[in-house]
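*Asks:* Provided below: structure_6.txt, containing compact mmCIF, C-alpha atoms.
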```
# COMPACT_ATOMS: atom_id res chain seq x y z
CA MET A 1 -58.76 78.71 -21.75
CA THR A 2 -58.41 75.27 -23.11
CA ALA A 3 -54.92 76.01 -24.42
CA PHE A 4 -53.89 77.29 -21.00
CA ILE A 5 -55.02 74.13 -19.35
CA VAL A 6 -53.05 72.04 -21.82
CA ILE A 7 -49.92 74.07 -21.26
CA LEU A 8 -50.35 73.80 -17.51
CA ALA A 9 -50.70 70.05 -17.77
CA LEU A 10 -47.55 69.80 -19.87
CA VAL A 11 -45.66 71.88 -17.34
CA ALA A 12 -46.86 69.61 -14.52
CA VAL A 13 -45.82 66.52 -16.40
CA LEU A 14 -42.41 68.06 -17.07
CA VAL A 15 -41.98 68.88 -13.41
CA ILE A 16 -42.90 65.34 -12.40
CA VAL A 17 -40.48 63.81 -14.92
CA THR A 18 -37.77 66.18 -13.78
CA LEU A 19 -38.29 65.16 -10.18
CA ILE A 20 -38.17 61.51 -11.14
CA LYS A 21 -34.94 62.02 -13.08
CA SER A 22 -33.31 63.93 -10.27
CA VAL A 23 -33.96 61.33 -7.50
CA ARG A 24 -32.41 57.82 -7.42
CA VAL A 25 -32.65 55.23 -4.62
CA VAL A 26 -29.71 52.73 -4.40
CA GLN A 27 -30.05 49.35 -2.61
CA GLN A 28 -27.74 48.18 0.16
CA GLN A 29 -24.43 46.60 -0.99
CA THR A 30 -24.95 48.19 -4.38
CA VAL A 31 -23.11 51.06 -6.05
CA GLY A 32 -24.45 53.06 -8.99
CA ILE A 33 -22.01 54.47 -11.58
CA VAL A 34 -23.17 57.96 -12.71
CA GLU A 35 -21.97 59.47 -15.98
CA ARG A 36 -22.38 63.09 -17.08
CA PHE A 37 -22.18 63.62 -20.80
CA GLY A 38 -20.57 60.14 -21.18
CA LYS A 39 -17.93 60.69 -18.48
CA PHE A 40 -17.76 59.16 -15.03
CA LYS A 41 -19.15 61.58 -12.53
CA VAL A 42 -19.73 59.83 -9.20
CA GLY A 43 -20.62 56.53 -7.61
CA LEU A 44 -23.96 56.48 -5.88
CA GLN A 45 -23.95 55.03 -2.37
CA PRO A 46 -26.87 53.05 -0.90
CA GLY A 47 -29.84 55.26 -0.01
CA LEU A 48 -31.47 58.36 -1.58
CA ASN A 49 -29.35 60.28 -4.09
CA LEU A 50 -30.05 63.49 -6.10
CA LEU A 51 -28.97 63.80 -9.73
CA MET A 52 -28.90 66.53 -12.33
CA PRO A 53 -31.94 65.72 -14.45
CA PHE A 54 -31.33 65.13 -18.13
CA VAL A 55 -27.58 65.54 -17.52
CA ASP A 56 -26.52 62.75 -15.09
CA LYS A 57 -27.24 59.16 -16.00
CA VAL A 58 -26.79 55.94 -13.97
CA ARG A 59 -24.87 53.79 -16.44
CA TYR A 60 -24.06 50.65 -14.30
CA THR A 61 -25.18 49.14 -11.04
CA ILE A 62 -22.45 47.07 -9.38
CA ASP A 63 -23.21 44.37 -6.77
CA MET A 64 -20.64 44.62 -3.99
CA ARG A 65 -21.50 41.26 -2.36
CA GLU A 66 -19.32 38.14 -2.71
CA GLN A 67 -20.37 36.23 -5.78
CA VAL A 68 -20.11 32.55 -6.69
CA VAL A 69 -19.61 31.52 -10.28
CA ALA A 70 -19.48 27.86 -11.39
CA PHE A 71 -17.73 27.21 -14.67
CA PRO A 72 -18.59 24.25 -16.90
CA PRO A 73 -16.16 21.28 -17.12
CA GLN A 74 -13.01 21.93 -19.09
CA GLY A 75 -10.75 19.36 -20.74
CA VAL A 76 -7.19 19.49 -19.43
CA ILE A 77 -4.22 17.34 -20.48
CA THR A 78 -1.92 16.05 -17.72
CA GLU A 79 1.83 15.55 -17.89
CA ASP A 80 1.39 11.87 -18.84
CA ASN A 81 -0.87 12.85 -21.79
CA LEU A 82 -4.22 11.95 -20.26
CA MET A 83 -7.30 14.07 -20.80
CA VAL A 84 -9.18 14.90 -17.60
CA SER A 85 -12.34 16.94 -17.20
CA ILE A 86 -12.28 19.59 -14.45
CA ASP A 87 -15.07 21.91 -13.34
CA SER A 88 -14.36 24.66 -10.84
CA VAL A 89 -16.11 27.20 -8.63
CA ILE A 90 -14.81 30.76 -8.07
CA TYR A 91 -15.69 32.95 -5.05
CA PHE A 92 -14.90 36.64 -5.78
CA GLN A 93 -15.93 40.11 -4.62
CA VAL A 94 -15.80 43.58 -6.30
CA ASN A 95 -13.70 45.99 -4.27
CA ASP A 96 -13.54 48.93 -6.71
CA PRO A 97 -16.75 49.32 -8.74
CA VAL A 98 -15.25 52.04 -10.97
CA ARG A 99 -12.32 49.91 -12.07
CA ALA A 100 -14.54 46.82 -12.39
CA THR A 101 -16.69 48.92 -14.75
CA TYR A 102 -14.10 50.70 -16.85
CA GLU A 103 -11.00 48.44 -16.69
CA ILE A 104 -12.70 45.36 -18.15
CA SER A 105 -15.77 44.96 -20.24
CA ASN A 106 -17.00 41.61 -18.72
CA TYR A 107 -15.08 40.60 -15.65
CA ILE A 108 -17.00 37.30 -15.20
CA GLN A 109 -16.06 36.07 -18.65
CA ALA A 110 -12.51 37.25 -18.07
CA ILE A 111 -12.29 35.30 -14.82
CA GLU A 112 -13.62 32.16 -16.57
CA GLN A 113 -11.03 32.33 -19.34
CA LEU A 114 -8.25 33.09 -16.89
CA THR A 115 -9.30 30.14 -14.73
CA MET A 116 -9.25 27.75 -17.70
CA THR A 117 -5.80 28.82 -18.90
CA THR A 118 -4.35 28.74 -15.40
CA LEU A 119 -5.75 25.23 -14.80
CA ARG A 120 -4.17 23.99 -18.03
CA ASN A 121 -0.85 25.46 -16.98
CA ILE A 122 -0.95 23.92 -13.49
CA ILE A 123 -2.34 20.49 -14.48
CA GLY A 124 0.12 20.25 -17.38
CA GLY A 125 2.97 19.91 -14.88
CA MET A 126 1.37 17.04 -12.95
CA ASP A 127 0.64 13.41 -13.76
CA LEU A 128 -2.79 11.87 -13.24
CA GLU A 129 -2.14 10.41 -9.81
CA GLN A 130 -0.66 13.67 -8.54
CA THR A 131 -3.58 15.60 -10.02
CA LEU A 132 -6.10 13.42 -8.23
CA THR A 133 -4.32 13.71 -4.88
CA SER A 134 -3.25 17.39 -4.96
CA ARG A 135 -6.49 19.32 -4.96
CA GLU A 136 -5.45 21.67 -2.16
CA GLU A 137 -2.24 22.53 -3.94
CA ILE A 138 -4.09 23.20 -7.22
CA ASN A 139 -6.70 25.37 -5.46
CA GLU A 140 -4.02 27.47 -3.77
CA LYS A 141 -2.02 28.00 -6.95
CA LEU A 142 -5.12 28.85 -8.94
CA ARG A 143 -6.38 31.36 -6.35
CA TYR A 144 -2.99 33.08 -6.20
CA VAL A 145 -2.81 33.53 -9.99
CA LEU A 146 -6.43 34.72 -10.29
CA ASP A 147 -6.16 37.15 -7.38
CA GLU A 148 -3.00 38.68 -8.84
CA ALA A 149 -4.53 39.00 -12.31
CA THR A 150 -7.90 40.43 -11.19
CA GLY A 151 -6.43 42.89 -8.71
CA LYS A 152 -6.14 45.62 -11.38
CA TRP A 153 -9.83 45.09 -12.21
CA GLY A 154 -10.90 45.95 -8.69
CA ILE A 155 -11.83 42.31 -7.98
CA ARG A 156 -10.54 40.10 -5.20
CA VAL A 157 -10.69 36.29 -5.59
CA ASN A 158 -11.40 34.81 -2.15
CA ARG A 159 -11.49 31.11 -2.87
CA VAL A 160 -11.21 28.58 -5.70
CA GLU A 161 -12.57 25.03 -5.50
CA LEU A 162 -12.29 22.14 -7.95
CA ARG A 163 -15.62 20.35 -7.79
CA SER A 164 -14.61 17.26 -9.75
CA ILE A 165 -11.68 15.78 -11.67
CA ASP A 166 -12.94 13.10 -14.06
CA PRO A 167 -10.39 10.94 -15.91
CA PRO A 168 -11.40 9.02 -19.06
CA PRO A 169 -13.65 5.94 -18.62
CA SER A 170 -10.84 3.55 -19.58
CA ILE A 171 -8.57 5.13 -16.99
CA GLN A 172 -11.33 4.91 -14.38
CA ASP A 173 -11.77 1.20 -15.14
CA SER A 174 -8.01 0.64 -14.86
CA MET A 175 -7.92 2.56 -11.59
CA GLU A 176 -10.78 0.48 -10.20
CA LYS A 177 -8.97 -2.73 -11.21
CA GLN A 178 -5.76 -1.47 -9.60
CA MET A 179 -7.61 -0.51 -6.44
CA ARG A 180 -9.33 -3.91 -6.37
CA ALA A 181 -5.98 -5.64 -6.90
CA ASP A 182 -4.41 -3.63 -4.07
CA ARG A 183 -7.26 -4.52 -1.75
CA ASP A 184 -7.04 -8.19 -2.72
CA LYS A 185 -3.30 -8.03 -2.09
CA ARG A 186 -3.79 -6.48 1.35
CA ALA A 187 -6.48 -9.05 2.12
CA ALA A 188 -4.18 -11.90 1.06
CA ILE A 189 -1.34 -10.46 3.14
CA LEU A 190 -3.57 -10.11 6.19
CA THR A 191 -4.88 -13.65 5.68
CA ALA A 192 -1.34 -15.02 5.38
CA GLU A 193 -0.23 -13.13 8.48
CA GLY A 194 -3.24 -14.44 10.36
CA MET A 195 -2.49 -18.02 9.27
CA ARG A 196 1.17 -17.57 10.22
CA GLN A 197 0.30 -16.22 13.65
CA SER A 198 -2.22 -19.03 14.09
CA ALA A 199 0.40 -21.63 13.11
CA VAL A 200 2.96 -20.03 15.44
CA LEU A 201 0.50 -20.00 18.33
CA SER A 202 -0.54 -23.59 17.60
CA ALA A 203 3.11 -24.68 17.48
CA GLU A 204 3.85 -22.89 20.74
CA GLY A 205 0.79 -24.50 22.32
CA GLN A 206 1.86 -27.96 21.11
CA LYS A 207 5.39 -27.29 22.34
CA GLN A 208 4.19 -26.26 25.78
CA SER A 209 1.78 -29.21 25.84
CA ALA A 210 4.59 -31.62 24.91
CA ILE A 211 6.87 -30.08 27.55
CA LEU A 212 4.19 -30.33 30.21
CA THR A 213 3.36 -33.91 29.13
CA ALA A 214 7.05 -34.88 29.28
CA GLN A 215 7.45 -33.24 32.68
CA GLY A 216 4.32 -34.98 33.93
CA ASP A 217 5.52 -38.33 32.52
CA LYS A 218 8.91 -37.77 34.13
CA GLU A 219 7.41 -36.93 37.51
CA SER A 220 4.97 -39.85 37.18
CA ARG A 221 7.81 -42.29 36.43
CA ILE A 222 9.84 -40.91 39.30
CA LEU A 223 6.89 -41.27 41.66
CA ARG A 224 6.14 -44.78 40.39
CA ALA A 225 9.80 -45.76 40.77
CA GLN A 226 9.88 -44.34 44.28
CA ALA A 227 6.63 -46.11 45.14
CA GLU A 228 7.90 -49.40 43.69
CA ARG A 229 11.16 -49.02 45.59
CA GLU A 230 9.34 -48.33 48.85
CA ALA A 231 6.95 -51.22 48.14
CA ARG A 232 9.86 -53.59 47.53
CA ILE A 233 11.59 -52.35 50.65
CA LEU A 234 8.43 -52.82 52.71
CA LYS A 235 7.84 -56.26 51.13
CA ALA A 236 11.42 -57.33 51.82
CA GLN A 237 11.13 -56.04 55.38
CA GLY A 238 7.80 -57.89 55.76
CA GLU A 239 9.27 -61.12 54.39
CA ALA A 240 12.28 -60.74 56.64
CA GLN A 241 10.04 -60.18 59.64
CA ALA A 242 7.82 -63.11 58.58
CA ILE A 243 10.82 -65.44 58.17
CA THR A 244 12.21 -64.27 61.49
CA THR A 245 8.84 -64.75 63.16
CA VAL A 246 8.37 -68.26 61.67
CA PHE A 247 11.93 -69.23 62.50
CA ASN A 248 11.59 -68.00 66.08
CA ALA A 249 8.17 -69.64 66.39
CA ILE A 250 9.47 -73.03 65.20
CA HIS A 251 12.41 -72.95 67.56
CA ALA A 252 10.36 -71.54 70.40
CA GLY A 253 8.03 -74.53 69.99
CA LYS A 254 11.01 -76.91 70.51
CA PRO A 255 10.13 -79.57 67.84
CA ASP A 256 11.47 -83.13 68.28
CA GLN A 257 11.63 -86.33 66.19
CA GLY A 258 8.10 -87.38 67.05
CA LEU A 259 6.64 -84.15 65.71
CA LEU A 260 8.59 -84.45 62.45
CA ALA A 261 7.46 -88.08 62.04
CA TYR A 262 3.87 -87.09 62.66
CA GLN A 263 4.09 -84.30 60.03
CA TYR A 264 5.51 -86.78 57.54
CA LEU A 265 2.71 -89.26 58.17
CA GLN A 266 0.10 -86.57 57.66
CA MET A 267 1.30 -86.14 54.07
CA LEU A 268 0.79 -89.83 53.16
CA PRO A 269 -3.01 -89.65 52.61
CA SER A 270 -2.47 -86.69 50.26
CA ILE A 271 -0.28 -88.86 48.04
CA ALA A 272 -3.20 -91.16 47.21
CA GLN A 273 -5.52 -88.29 46.29
CA GLY A 274 -5.69 -86.82 42.79
CA ASP A 275 -7.40 -87.79 39.55
CA SER A 276 -4.11 -88.35 37.72
CA ASN A 277 -2.84 -91.02 40.12
CA LYS A 278 -3.17 -94.38 38.35
CA LEU A 279 -0.97 -96.60 40.51
CA TRP A 280 0.38 -96.35 44.04
CA ILE A 281 2.89 -98.99 45.24
CA ILE A 282 3.38 -99.40 48.97
CA PRO A 283 6.29 -101.66 50.05
CA SER A 284 5.35 -104.52 52.32
CA GLU A 285 8.05 -103.51 54.74
CA ILE A 286 6.59 -100.01 55.14
CA GLY A 287 5.70 -100.81 58.75
CA LYS A 288 9.24 -101.64 59.70
CA ALA A 289 10.48 -98.69 57.72
CA MET A 290 8.14 -96.40 59.59
CA GLU A 291 9.22 -97.86 62.91
CA GLY A 292 12.75 -96.64 62.26
CA LEU A 293 11.58 -93.35 60.82
CA GLY A 294 12.26 -91.49 64.01
CA SER A 295 15.82 -92.77 64.24
CA ALA A 296 16.37 -92.20 60.52
CA VAL A 297 15.11 -88.62 60.70
CA GLY A 298 17.30 -87.97 63.69
CA GLN A 299 20.33 -88.79 61.59
CA ILE A 300 19.56 -86.10 58.98
CA ALA A 301 22.16 -83.36 59.04
CA GLY A 302 20.95 -80.01 60.33
CA ILE A 303 18.03 -81.41 62.41
CA PRO A 304 19.05 -81.84 66.05
CA GLN A 305 17.75 -84.59 68.22
CA LYS A 306 16.60 -81.93 70.69
CA ALA A 307 16.16 -78.20 69.98
CA GLU A 308 18.02 -75.96 72.37
CA GLY A 309 18.70 -72.29 72.39
CA PRO A 310 17.28 -68.94 73.49
CA PHE A 311 14.61 -68.48 70.77
CA PRO A 312 12.10 -65.75 71.65
CA GLU A 313 8.48 -66.56 71.14
CA PRO A 314 6.64 -64.47 68.50
CA GLU A 315 4.23 -61.86 69.69
CA LEU A 316 0.74 -62.94 68.72
CA ASP A 317 -2.65 -61.41 69.26
CA SER A 318 -3.66 -64.38 71.46
CA PRO A 319 -0.60 -65.70 73.19
CA SER A 320 -2.70 -68.15 75.20
CA SER A 321 -3.73 -69.95 71.99
CA THR A 322 -0.15 -71.01 71.24
CA PRO A 323 0.59 -74.40 72.81
CA GLU A 324 3.90 -74.89 74.51
CA VAL A 325 5.97 -77.96 73.77
CA GLU A 326 8.21 -79.15 76.54
CA SER A 327 10.85 -81.81 76.23
CA GLY A 328 10.35 -84.65 78.70
CA SER A 329 12.36 -87.54 80.03
CA PRO A 330 13.62 -90.48 77.89
CA THR A 331 10.57 -92.45 78.96
CA ASP A 332 8.32 -89.74 77.59
CA GLN A 333 10.30 -89.71 74.37
CA ALA A 334 9.93 -93.47 73.97
CA GLN A 335 6.23 -93.13 74.54
CA ALA A 336 6.12 -90.38 71.89
CA VAL A 337 7.94 -92.69 69.44
CA ALA A 338 5.42 -95.46 70.14
CA GLU A 339 2.59 -93.05 69.54
CA ALA A 340 4.27 -91.96 66.30
CA ASP A 341 4.48 -95.64 65.19
CA ASN A 342 0.80 -96.11 65.92
CA ALA A 343 0.08 -92.97 63.97
CA VAL A 344 2.12 -94.37 61.07
CA GLN A 345 0.05 -97.56 61.05
CA GLU A 346 -3.15 -95.55 61.14
CA ALA A 347 -1.86 -93.34 58.29
CA ILE A 348 -1.04 -96.44 56.22
CA ALA A 349 -4.49 -97.86 56.83
CA ALA A 350 -6.06 -94.52 55.90
CA ALA A 351 -3.98 -94.36 52.75
CA GLN A 352 -5.02 -97.88 51.71
CA LYS A 353 -8.63 -97.07 52.41
CA ALA A 354 -8.38 -93.90 50.37
CA ALA A 355 -6.75 -95.80 47.52
CA VAL A 356 -9.47 -98.51 47.58
CA GLY A 357 -12.20 -95.86 47.70
CA SER A 358 -10.79 -94.09 44.66
CA GLY A 359 -10.64 -97.29 42.64
CA LYS A 360 -6.85 -97.33 42.32
CA PRO A 361 -4.92 -100.60 42.79
CA VAL A 362 -2.58 -100.84 45.69
CA THR A 363 0.14 -103.51 45.13
CA PRO A 364 2.35 -104.45 48.06
CA SER A 365 5.86 -105.38 47.04
CA SER A 366 7.36 -108.61 48.49
CA THR A 367 10.82 -108.13 47.09
CA SER A 368 13.50 -107.42 49.60
CA PRO A 369 15.49 -104.86 47.54
CA VAL A 370 12.75 -102.25 47.93
CA GLN A 371 12.70 -102.26 51.70
CA ASP A 372 14.66 -99.07 51.91
CA GLN A 373 12.95 -97.44 48.91
CA PRO A 374 10.42 -94.63 49.44
CA PRO A 375 6.93 -94.97 48.07
CA THR A 376 6.73 -94.65 44.29
CA ILE A 377 3.83 -92.77 42.73
```
Hey, can you dump this file as structure tokens for me?
*Replies:*
Amino acid sequence: MTAFIVILALVAVLVIVTLIKSVRVVQQQTVGIVERFGKFKVGLQPGLNLLMPFVDKVRYTIDMREQVVAFPPQGVITEDNLMVSIDSVIYFQVNDPVRATYEISNYIQAIEQLTMTTLRNIIGGMDLEQTLTSREEINEKLRYVLDEATGKWGIRVNRVELRSIDPPPSIQDSMEKQMRADRDKRAAILTAEGMRQSAVLSAEGQKQSAILTAQGDKESRILRAQAEREARILKAQGEAQAITTVFNAIHAGKPDQGLLAYQYLQMLPSIAQGDSNKLWIIPSEIGKAMEGLGSAVGQIAGIPQKAEGPFPEPELDSPSSTPEVESGSPTDQAQAVAEADNAVQEAIAAAQKAAVGSGKPVTPSSTSPVQDQPPTI
């Protein structure tokens, strides 16, 4: 009885193991490679799959999703013999799991080696500056070569990216110095252009200012000249009108010998005045000389004995204030002469009194040769 139970248990265990071996569940985007007696049998699709227990065996499980593999930096020599360090990233996807399993033993390692050799081939034909500025071109060339080489492995390379291209430290320092020098050069050029434009604008401003100043000075001189000309014209016209008015007024007043003698006598007291007058000599015959003053003045050329002629009177604001002088009869003229002689005597007396009051000596001359001489100051 006990032996039967043991055999039954062994049979149950064998059945369970057989069931386990005959059922396989495959995940999504995964393919299982089944071998039967060491030979490829079938590829298991995602889901529940039945196998021949103890005969079929799942040898490989292939991930069908796109994979990303980053390779460590690799030293590459450029065309100008400079060592640069390049690390890359490969995006690939398995299209044929059977070929990816049986055509190559380790497709990831194969892709890494192929990437390194292809990079050395591509970078070897470029100098450093071209390498640093041609990443897109390098990526495209590298992807084309890798995709063509991995096609027979059932792998498709979707994209290749160069993460970094690091030149040697000395080259980096030189590049930084060159970049700094270029920036300093551009800054100096911009500064010089700014100074030039500033100088040009300043010169243009000074030129325009000088032109405007010259034009203003020219217009100012023209206006001043015109004003001075008009002022001179107006002044000359005013003087001409004044002379005409005075001339007409004198002749309209009809002056005679008595008036001229009276004007002369009025100037005699002014002769004695003044601080610089030290001596004033009056001839003793001044009385007789003054008596004939009227007749003597009448003999002066250009002064008529009697003014005649149509001289218009000047227009004044108060015409009534202008006295009219009328010429009278010979008797009136004789009376005017007598009055002029009296005025002469009074003027002489006033002059002597003024001379005595100012403390200046008055010496009458008794010599006859000075009878016709004018007073000497």
*Asks:* Could you please determine the separation between atom CA of Leu48 of chain A and atom CA of Gln28 of chain A in Å, to one decimal place?
*Replies:*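 These two atoms are separated by 11.0 Å.
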*Asks:* List the spatial neighbours of Ile155 of chain A as a PyMOL selection string - criterion: any atom at most 9 Å away, only C-alpha atoms, same-chain residues fewer than 4 positions off excluded.
*Replies:* chain A and resi 92-97+99-100+107+147+150-151
*Asks:* Can you write out as CSV which residues of segment 45-71 of chain A fall within 12 Å of segment 115-137 of chain A, alongside each residue's closest atom pair and its distance in Å to one decimal, counting all atoms listed in the file and ordering rows by chain and ascending residue number?
*Replies:*
```
residue,atom,partner,partner_atom,distance
A:Val69,CA,A:Thr115,CA,11.3
A:Ala70,CA,A:Thr115,CA,11.0
A:Phe71,CA,A:Thr115,CA,8.9
```
*Asks:* Could you save those same residues with C-alpha atoms as a JSON list (two decimals), in the frame of the given file?
*Replies:*
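Result saved to selection05.json:
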```
[["chain", "number", "residue", "atom", "x", "y", "z"],
["A", 69, "VAL", "CA", -19.61, 31.52, -10.28],
["A", 70, "ALA", "CA", -19.48, 27.86, -11.39],
["A", 71, "PHE", "CA", -17.73, 27.21, -14.67]]
```
*Asks:* Please indicate the distance in Å from atom CA of Val89 of chain A to atom CA of Arg159 of chain A, rounded to one decimal place.
*Replies:*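 That distance, rounded to one decimal, is 8.4 Å.
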*Asks:* Would you list the contacts of segment 56-66 of chain A as number ranges by chain, taking every protein, DNA or RNA residue within 7 Å and counting only C-alpha atoms, but skipping same-chain residues closer than 3 positions in sequence?
*Replies:* A: 29-36, 51-53, 91-94, 97
*Asks:* Generate the output file for the selected residues, C-alpha atoms, as a PDB file, in the coordinates of the input.
*Replies:*
```
ATOM      1  CA  GLN A  29     -24.430  46.600  -0.990  1.00  0.00           C
ATOM      2  CA  THR A  30     -24.950  48.190  -4.380  1.00  0.00           C
ATOM      3  CA  VAL A  31     -23.110  51.060  -6.050  1.00  0.00           C
ATOM      4  CA  GLY A  32     -24.450  53.060  -8.990  1.00  0.00           C
ATOM      5  CA  ILE A  33     -22.010  54.470 -11.580  1.00  0.00           C
ATOM      6  CA  VAL A  34     -23.170  57.960 -12.710  1.00  0.00           C
ATOM      7  CA  GLU A  35     -21.970  59.470 -15.980  1.00  0.00           C
ATOM      8  CA  ARG A  36     -22.380  63.090 -17.080  1.00  0.00           C
ATOM      9  CA  LEU A  51     -28.970  63.800  -9.730  1.00  0.00           C
ATOM     10  CA  MET A  52     -28.900  66.530 -12.330  1.00  0.00           C
ATOM     11  CA  PRO A  53     -31.940  65.720 -14.450  1.00  0.00           C
ATOM     12  CA  TYR A  91     -15.690  32.950  -5.050  1.00  0.00           C
ATOM     13  CA  PHE A  92     -14.900  36.640  -5.780  1.00  0.00           C
ATOM     14  CA  GLN A  93     -15.930  40.110  -4.620  1.00  0.00           C
ATOM     15  CA  VAL A  94     -15.800  43.580  -6.300  1.00  0.00           C
ATOM     16  CA  PRO A  97     -16.750  49.320  -8.740  1.00  0.00           C
TER      17      PRO A  97
END
```
*Asks:* Between atom CA of Gln45 of chain A and atom CA of Ser22 of chain A, measure the distance and give it in Å to one decimal.
*Replies:*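 Atom CA of Ser22 of chain A lies at a distance of 15.1 Å from atom CA of Gln45 of chain A.
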*Asks:* Which is closer to Thr78 of chain A than all the others in A:Leu44, A:Ile165, A:Val157, A:Ile111, using all atoms listed in the file?
*Replies:*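 Among A:Leu44, A:Ile165, A:Val157, A:Ile111, it is A:Ile165 that comes nearest to Thr78 of chain A.
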*Asks:* Between A:Gln241, A:Arg180, A:Thr101, A:Ile90, which has the minimum distance to Leu146 of chain A (counting all atoms listed in the file)?
*Replies:*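 Between A:Gln241, A:Arg180, A:Thr101, A:Ile90, the residue approaching Leu146 of chain A most closely is A:Ile90.
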*Asks:* Find, counting only C-alpha atoms, the residue in A:Glu140, A:Glu230, A:Glu112, A:Glu148 that gets nearest to Glu161 of chain A.
*Replies:*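 Using only C-alpha atoms, Glu161 of chain A sits closest to A:Glu140.
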*Asks:* Please give the centre and size of the box around segment 70-74 of chain A (axis-aligned, containing every atom listed in the file, 5 Å added per side), with values in Å to one decimal and written as AutoDock Vina command-line options.
*Replies:*
```
--center_x -16.2 --center_y 24.6 --center_z -15.2 --size_x 16.5 --size_y 16.6 --size_z 17.7
```
